[in-house]
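S.K.: The structure file upload_34.cif (mmCIF, C-alpha atoms) is provided below.
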```cif
data_model
loop_
_atom_site.label_atom_id
_atom_site.label_comp_id
_atom_site.auth_asym_id
_atom_site.auth_seq_id
_atom_site.Cartn_x
_atom_site.Cartn_y
_atom_site.Cartn_z
CA MET A 443 17.48 93.85 36.25
CA SER A 444 19.58 95.99 38.55
CA THR A 445 20.46 92.92 40.61
CA ILE A 446 21.79 91.12 37.51
CA SER A 447 23.83 94.14 36.52
CA GLU A 448 25.28 94.43 40.02
CA TYR A 449 26.22 90.73 39.96
CA LYS A 450 27.93 91.16 36.57
CA THR A 451 29.74 94.22 37.84
CA ASP A 452 31.06 92.32 40.87
CA ALA A 453 32.11 89.35 38.72
CA ILE A 454 33.86 91.41 36.03
CA PHE A 455 35.30 94.09 38.30
CA PRO A 456 36.04 92.46 41.71
CA HIS A 457 38.09 95.48 42.72
CA VAL A 458 34.87 97.51 42.83
CA SER A 459 33.43 95.14 45.49
CA ALA A 460 36.66 95.35 47.44
CA ALA A 461 36.47 99.12 47.25
CA ASN A 462 32.93 99.05 48.63
CA ASP A 463 34.09 96.86 51.52
CA GLU A 464 36.93 99.26 52.19
CA ILE A 465 34.52 102.17 52.20
CA ASP A 466 32.27 100.32 54.69
CA LEU A 467 35.26 99.60 56.92
CA ARG A 468 36.29 103.25 56.81
CA GLU A 469 32.76 104.23 57.65
CA LEU A 470 32.83 101.86 60.60
CA PHE A 471 36.01 103.38 61.96
CA SER A 472 34.54 106.82 61.35
CA VAL A 473 31.52 105.91 63.49
CA ILE A 474 33.77 104.66 66.27
CA TRP A 475 35.87 107.82 66.04
CA GLN A 476 32.77 110.00 66.27
CA GLY A 477 31.79 108.23 69.47
CA LYS A 478 35.26 108.41 70.98
CA TRP A 479 34.12 110.55 73.91
CA ILE A 480 31.47 108.04 74.86
CA ILE A 481 34.08 105.27 74.65
CA ILE A 482 36.52 107.25 76.76
CA PHE A 483 33.85 108.04 79.35
CA ILE A 484 32.58 104.45 79.72
CA THR A 485 36.13 103.04 79.75
CA ALA A 486 37.14 105.54 82.42
CA VAL A 487 34.11 104.63 84.56
CA PHE A 488 34.95 100.92 84.34
CA ALA A 489 38.64 101.62 85.01
CA ILE A 490 37.87 103.63 88.14
CA GLY A 491 35.31 101.06 89.26
CA SER A 492 37.75 98.18 88.81
CA VAL A 493 40.42 100.05 90.78
CA ILE A 494 38.01 100.71 93.64
CA PHE A 495 36.83 97.09 93.56
CA ALA A 496 40.42 95.78 93.58
CA ILE A 497 41.40 98.01 96.49
CA MET A 498 38.37 96.95 98.54
CA GLN A 499 39.25 93.25 98.22
CA PRO A 500 41.12 91.95 101.29
CA ASN A 501 44.44 90.18 100.92
CA ILE A 502 44.18 86.41 100.92
CA TYR A 503 47.14 84.42 102.24
CA LYS A 504 47.83 80.79 101.41
CA SER A 505 49.67 78.45 103.75
CA GLU A 506 50.52 74.90 102.70
CA ALA A 507 52.37 71.83 103.95
CA LEU A 508 53.96 68.92 102.12
CA LEU A 509 53.23 65.45 103.49
CA ALA A 510 54.42 61.93 102.79
CA PRO A 511 52.22 58.84 103.28
CA ALA A 512 53.23 56.97 106.42
CA SER A 513 50.66 54.17 106.30
CA GLU A 514 52.63 51.96 103.92
CA GLU A 515 55.08 51.00 106.67
CA GLN A 516 52.49 48.96 108.54
CA SER A 517 51.15 46.92 105.60
CA GLY A 518 54.03 44.47 105.27
CA GLY A 519 52.87 42.10 108.02
CA LEU A 520 49.49 41.29 106.55
CA SER A 521 50.91 41.00 103.04
CA GLY A 522 53.45 38.44 104.20
CA LEU A 523 50.78 36.60 106.14
CA ALA A 524 48.53 36.55 103.07
CA SER A 525 51.26 34.96 100.95
CA GLN A 526 52.01 32.36 103.64
CA PHE A 527 48.53 31.36 104.77
CA GLY A 528 46.32 32.74 102.01
CA GLY A 529 44.83 29.36 101.02
CA LEU A 530 44.01 28.24 104.54
CA ALA A 531 42.63 31.67 105.40
CA SER A 532 40.25 31.43 102.48
CA LEU A 533 38.99 28.09 103.75
CA ALA A 534 38.41 29.67 107.14
CA GLY A 535 36.61 32.63 105.58
CA VAL A 536 39.22 35.12 106.77
CA ASN A 537 40.34 37.95 104.47
CA LEU A 538 44.01 38.89 104.85
CA GLY A 539 43.86 41.80 102.45
CA GLY A 540 46.94 41.40 100.27
CA LYS A 541 46.95 43.40 97.05
CA GLY A 542 43.29 44.29 97.32
CA GLY A 543 43.78 46.40 100.45
CA ILE A 544 42.41 49.91 100.82
CA ASP A 545 44.73 52.82 100.11
CA LYS A 546 44.77 54.53 103.51
CA THR A 547 46.33 57.68 102.07
CA GLN A 548 43.48 58.16 99.62
CA MET A 549 40.97 57.27 102.32
CA ALA A 550 42.49 59.91 104.62
CA ILE A 551 42.22 62.50 101.84
CA GLU A 552 38.56 61.70 101.30
CA VAL A 553 37.92 61.81 105.06
CA MET A 554 39.44 65.31 105.17
CA LYS A 555 37.03 66.41 102.44
CA SER A 556 34.01 64.91 104.18
CA ARG A 557 31.25 66.86 105.91
CA GLN A 558 31.69 64.96 109.17
CA PHE A 559 35.40 65.71 109.47
CA THR A 560 34.84 69.37 108.57
CA SER A 561 32.06 69.73 111.14
CA ASP A 562 34.15 68.10 113.85
CA PHE A 563 37.13 70.29 112.96
CA ILE A 564 35.10 73.53 113.13
CA LYS A 565 33.46 72.57 116.43
CA LYS A 566 36.64 71.29 118.06
CA HIS A 567 38.72 74.38 117.30
CA ASN A 568 35.81 76.88 117.42
CA VAL A 569 36.72 78.50 114.10
CA LEU A 570 33.23 79.27 112.82
CA PRO A 571 33.54 83.08 113.36
CA ASP A 572 37.00 83.12 111.76
CA LEU A 573 35.63 81.18 108.80
CA ILE A 574 32.47 83.15 108.04
CA ALA A 575 32.48 86.49 109.88
CA ALA A 576 36.13 87.56 109.55
CA LYS A 577 36.31 90.75 107.49
CA LYS A 578 39.85 92.11 107.89
CA TRP A 579 43.16 91.27 109.51
CA ASP A 580 45.11 93.82 111.55
CA ARG A 581 48.78 93.10 110.90
CA ASN A 582 50.03 95.26 113.78
CA SER A 583 47.95 93.59 116.48
CA ASP A 584 47.63 90.25 114.65
CA LYS A 585 43.89 90.22 115.27
CA LEU A 586 40.89 89.52 113.09
CA ILE A 587 38.24 92.18 112.61
CA TYR A 588 34.76 90.72 112.29
CA ASP A 589 31.84 92.03 110.27
CA PRO A 590 29.55 93.70 112.84
CA GLU A 591 26.51 92.82 110.74
CA LEU A 592 27.31 89.12 111.11
CA TYR A 593 29.03 88.57 114.43
CA ASN A 594 29.50 90.42 117.72
CA ASP A 595 32.93 89.40 119.00
CA LYS A 596 32.40 91.14 122.36
CA THR A 597 29.44 88.97 123.30
CA ASN A 598 30.39 86.05 121.03
CA THR A 599 26.94 86.05 119.44
CA TRP A 600 25.75 85.89 115.83
CA VAL A 601 23.63 88.87 114.81
CA ARG A 602 23.20 88.32 111.08
CA GLU A 603 19.75 88.65 109.57
CA VAL A 604 18.72 85.66 107.46
CA LYS A 605 15.52 84.14 106.18
CA ALA A 606 14.22 80.70 107.10
CA PRO A 607 15.34 77.94 107.10
CA PHE A 608 18.62 79.63 108.08
CA ILE A 609 19.28 80.94 111.59
CA PRO A 610 21.67 83.68 112.82
CA GLU A 611 24.35 81.13 113.72
CA PRO A 612 25.54 79.44 110.49
CA SER A 613 24.87 75.73 110.25
CA MET A 614 27.54 73.15 109.57
CA GLN A 615 26.18 72.79 106.03
CA GLU A 616 26.84 76.48 105.36
CA ALA A 617 30.24 76.22 106.99
CA PHE A 618 31.16 73.16 104.92
CA LYS A 619 30.41 74.97 101.64
CA ILE A 620 32.70 77.86 102.60
CA PHE A 621 35.40 75.68 104.15
CA SER A 622 35.60 73.43 101.07
CA LYS A 623 36.42 76.50 98.95
CA ILE A 624 39.42 77.60 101.00
CA ILE A 625 40.99 74.19 101.64
CA ALA A 626 42.77 72.08 99.03
CA VAL A 627 44.14 68.55 99.44
CA ASN A 628 46.04 67.23 96.44
CA LYS A 629 48.03 64.05 95.87
CA ALA A 630 50.82 64.01 93.28
CA PRO A 631 50.27 60.98 91.00
CA GLU A 632 53.99 60.58 90.27
CA THR A 633 55.42 60.75 93.81
CA GLY A 634 52.38 60.12 96.00
CA MET A 635 53.18 63.22 98.06
CA VAL A 636 50.21 65.09 99.51
CA THR A 637 49.86 68.87 99.72
CA ILE A 638 47.42 70.52 102.12
CA SER A 639 46.74 74.24 101.73
CA VAL A 640 44.40 76.75 103.37
CA GLU A 641 43.54 80.27 102.20
CA HIS A 642 42.52 82.97 104.69
CA ILE A 643 42.73 86.72 105.21
CA SER A 644 45.10 86.05 108.12
CA PRO A 645 48.38 84.22 107.38
CA ILE A 646 48.58 83.12 111.02
CA VAL A 647 45.13 81.54 110.87
CA ALA A 648 45.95 79.83 107.58
CA GLN A 649 49.11 78.32 109.06
CA GLN A 650 47.33 77.23 112.25
CA TRP A 651 44.51 75.54 110.36
CA VAL A 652 46.90 73.54 108.18
CA THR A 653 48.73 72.35 111.30
CA TRP A 654 45.45 71.42 112.98
CA LEU A 655 44.21 69.59 109.88
CA ILE A 656 47.31 67.39 109.80
CA GLN A 657 47.07 66.63 113.52
CA ASP A 658 43.34 65.89 113.35
CA ILE A 659 43.45 63.62 110.31
CA ASN A 660 46.28 61.58 111.84
CA LYS A 661 44.32 61.28 115.07
CA VAL A 662 41.06 60.35 113.35
CA MET A 663 42.66 57.66 111.18
CA LYS A 664 44.58 56.31 114.17
CA GLU A 665 41.43 56.04 116.28
CA ARG A 666 39.60 54.30 113.43
CA ASP A 667 42.30 51.69 112.97
CA VAL A 668 42.71 51.08 116.71
CA ALA A 669 38.96 50.62 117.16
CA GLU A 670 38.83 48.26 114.20
CA ALA A 671 41.84 46.31 115.46
CA ASN A 672 40.28 45.93 118.90
CA ARG A 673 37.02 44.64 117.42
CA SER A 674 38.94 42.26 115.18
CA SER A 675 40.99 40.96 118.11
CA GLU A 676 37.85 40.26 120.14
CA PHE A 677 36.29 38.41 117.22
CA LEU A 678 39.45 36.39 116.50
CA ASN A 679 39.88 35.38 120.14
CA LYS A 680 36.32 34.08 120.12
CA GLN A 681 37.03 32.10 116.95
CA ILE A 682 40.17 30.59 118.49
CA GLY A 683 38.07 29.18 121.30
CA LEU A 684 35.54 27.72 118.88
CA THR A 685 37.88 25.89 116.47
CA ASN A 686 39.91 22.72 117.02
CA VAL A 687 41.80 22.77 113.69
CA ALA A 688 45.47 23.46 114.40
CA ASP A 689 46.24 25.17 111.06
CA ILE A 690 43.31 27.55 111.35
CA LYS A 691 44.27 28.33 114.95
CA THR A 692 47.75 29.21 113.69
CA ILE A 693 46.26 31.65 111.20
CA LEU A 694 44.02 33.18 113.85
CA TYR A 695 46.90 33.62 116.28
CA LYS A 696 48.92 35.32 113.53
CA LEU A 697 45.99 37.62 112.82
CA VAL A 698 45.68 38.51 116.49
CA GLU A 699 49.38 39.28 116.48
CA GLU A 700 49.00 41.58 113.48
CA GLN A 701 46.13 43.42 115.16
CA ALA A 702 48.30 43.91 118.25
CA LYS A 703 51.04 45.33 116.01
CA THR A 704 48.55 47.73 114.46
CA ILE A 705 47.48 48.97 117.89
CA MET A 706 51.08 49.31 119.05
CA PHE A 707 52.07 51.14 115.86
CA ALA A 708 49.19 53.57 116.32
CA GLU A 709 49.94 54.27 119.96
CA VAL A 710 53.64 55.08 119.49
CA ARG A 711 53.27 57.37 116.45
CA ASP A 712 51.55 60.73 116.23
CA GLU A 713 52.10 61.00 112.46
CA TYR A 714 50.06 57.91 111.74
CA VAL A 715 48.95 58.46 108.15
CA PHE A 716 50.94 61.51 107.04
CA LYS A 717 54.52 62.48 107.81
CA THR A 718 55.22 66.20 107.59
CA LEU A 719 58.11 66.86 105.21
CA ASP A 720 57.63 70.62 104.89
CA PRO A 721 55.49 72.17 107.67
CA ALA A 722 53.10 75.05 107.12
CA LEU A 723 54.46 78.58 107.44
CA ALA A 724 52.76 81.94 107.84
CA PRO A 725 53.14 83.46 104.35
CA GLU A 726 54.59 86.95 104.10
CA GLU A 727 53.11 87.71 100.66
CA LYS A 728 49.48 87.50 99.61
CA ALA A 729 48.27 84.84 97.20
CA LYS A 730 45.39 86.93 95.86
CA PRO A 731 43.67 89.07 94.69
CA LYS A 732 45.61 89.99 91.55
CA ARG A 733 44.72 93.66 91.67
CA ALA A 734 46.64 94.69 88.54
CA LEU A 735 44.89 91.96 86.54
CA ILE A 736 41.49 93.05 87.89
CA CYS A 737 42.16 96.66 86.82
CA VAL A 738 43.33 95.65 83.33
CA LEU A 739 40.38 93.31 82.74
CA GLY A 740 37.90 95.88 84.07
CA THR A 741 39.27 98.60 81.78
CA LEU A 742 39.28 96.26 78.80
CA LEU A 743 35.70 95.21 79.51
CA GLY A 744 34.59 98.85 79.64
CA CYS A 745 36.29 99.62 76.33
CA ILE A 746 34.69 96.62 74.59
CA LEU A 747 31.27 97.46 76.02
CA ALA A 748 31.55 101.08 74.88
CA VAL A 749 32.50 100.09 71.32
CA MET A 750 29.60 97.64 71.22
CA ILE A 751 27.17 100.37 72.33
CA ILE A 752 28.42 102.71 69.60
CA LEU A 753 28.15 100.03 66.90
CA ILE A 754 24.71 98.84 68.00
CA ARG A 755 23.40 102.40 68.01
CA TYR A 756 24.87 102.96 64.53
CA PHE A 757 23.32 99.81 63.03
CA VAL A 758 19.94 100.57 64.64
CA ARG A 759 19.92 104.05 63.12
CA LYS A 760 21.03 102.69 59.75
CA ALA A 761 18.27 100.07 59.76
CA ASN A 762 15.65 102.72 60.56
#
```
With the file now loaded, output its structure as structure tokens.
M.R.:
Amino acid sequence: MSTISEYKTDAIFPHVSAANDEIDLRELFSVIWQGKWIIIFITAVFAIGSVIFAIMQPNIYKSEALLAPASEEQSGGLSGLASQFGGLASLAGVNLGGKGGIDKTQMAIEVMKSRQFTSDFIKKHNVLPDLIAAKKWDRNSDKLIYDPELYNDKTNTWVREVKAPFIPEPSMQEAFKIFSKIIAVNKAPETGMVTISVEHISPIVAQQWVTWLIQDINKVMKERDVAEANRSSEFLNKQIGLTNVADIKTILYKLVEEQAKTIMFAEVRDEYVFKTLDPALAPEEKAKPKRALICVLGTLLGCILAVMIILIRYFVRKAN
């Protein structure tokens, strides 16, 4: 009976229900106000903690270079040959590429992201300690300070304590996971320009690694194409000796000529796949961390958590 009367009261006098809601809202604010010291204390703890955390984070510098694809300049010969002798080449079972050729720029980008290239890069330049064990960078002496619990730079030995299957010296799989987080290779879809960037606690190291990456990827792609061209030339010369058809011999001679051009092009150019438009520089300003943002978010999180604690405690008491 009381339920029916309450329903009628709410239907006839809606302002009474609104008043009850307003009273509940005032009560809620009253509860929060009563727990203001708890909120202030927890917020202050989180604020101080976030400041300490932000200060302890080392500066991370980002060095990047802008590159232009250089591989397109050497594709004209085979395209012209495909349009001239495409039909006869098909009869001979020879693929001249044409429009279906592989994008060497995209291939080079994927090679740079591969485990094999990363492993070779780390081993060649001996950057494993700088990648994993570097803790701080001394600006005055321009030297890296290593974590003594991970690496002893005086004896050049790894001293970290790890559980099996890991060993004190990090494996290339561990190094690849860390390296892939600090390197970025992006290709602009509109212009085709490629940007390579590296993040590190030392701006000098970041700049050096970007320069090495560009040199290494050009060298790797050059060596791949030269090796492939040499194998193709050997195969084509064998086929020339086996065929007596003049038209097919003409195609094979043209193909041998194109392979020779590829080898010559590779030998005379250091920037084989990528041309450097804007070289990497040692950045003067850090890229991260955003310490002010960390402090603001930490303080805000503490305030929200404190209010939630007050409200949860209030509703638990009210339910009991």
S.K.: Might you pull out every residue within 7 Å of range 647-654 of chain A, with all atoms listed in the file counted and same-chain residues fewer than 5 positions away left off, and present them as a list of chain:residue names?
M.R.: A:Lys504, A:Ser505, A:Glu506, A:Ile638, A:Ser639, A:Val640, A:Glu641, A:His642, A:Ala722, A:Leu723, A:Ala724
S.K.: What is the distance between CA of Pro725 in chain A and CA of Met635 in chain A, in Å to one decimal?
M.R.: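 Value for the CA of Pro725 in chain A-CA of Met635 in chain A distance: 21.2 Å.
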S.K.: With the PyMOL selection byres ((chain A and resi 570) around 12) as the selection, what would be picked from this file? Answer as a ChimeraX atom specification, please.
M.R.: /A:560-569,571-576,588,592-593,595,598-600,611-618,620-621
S.K.: What residues come out when you apply the PyMOL selection byres ((chain A and resi 738-742) around 9) to this file, written as an MDAnalysis selection string?
M.R.: chainID A and resid 485:493 733:737 743:747
S.K.: Extending 3 Å beyond the listed atoms of range 473-487 of chain A on each side, what axis-aligned box results? I want centre and edge lengths in Å to one decimal, as JSON.
M.R.:
```
{"center_x": 34.3, "center_y": 106.8, "center_z": 74.0, "size_x": 11.7, "size_y": 13.5, "size_z": 27.1}
```
S.K.: Rounded to one decimal place, report the CA of Val749 in chain A-CA of Lys478 in chain A distance in Å.
M.R.: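 Interatomic distance, CA of Val749 in chain A to CA of Lys478 in chain A: 8.8 Å.
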S.K.: Suppose a student applies the PyMOL selection byres ((chain A and resi 730) around 7) to this structure; what residues should they get, written as a PyMOL selection string?
M.R.: chain A and resi 501-502+728-729+731-732
S.K.: Of the residues A:Ile497, A:Ile481, A:Ala510, A:Ile659, which is the one nearest to Ile551 in chain A, using all atoms listed in the file?
M.R.: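 Among the listed residues, A:Ile659 lies closest to Ile551 in chain A.
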S.K.: What is the distance, in Å and to one decimal place, between CA of Glu552 in chain A and CA of Thr633 in chain A?
M.R.: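 Interatomic distance here is 18.5 Å.
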S.K.: Which of these residues is nearest to Phe677 in chain A, using all atoms listed in the file: A:Asn762, A:Thr718, A:Gln701, A:Ser583?
M.R.: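 The closest residue to Phe677 in chain A is A:Gln701.
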S.K.: Nearest residue to Asn628 in chain A out of A:Leu508, A:Ile646, A:Val604, A:Ala669, using all atoms listed in the file?
M.R.: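 Checking each of A:Leu508, A:Ile646, A:Val604, A:Ala669 against Asn628 in chain A, counting all atoms listed in the file, the winner is A:Leu508.
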S.K.: Using only C-alpha atoms for the distances, tell me which of A:Gln548, A:Asn686, A:Gln499, A:Ser644 is nearest to Glu726 in chain A.
M.R.: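 For Glu726 in chain A, the nearest of the given residues is A:Ser644.
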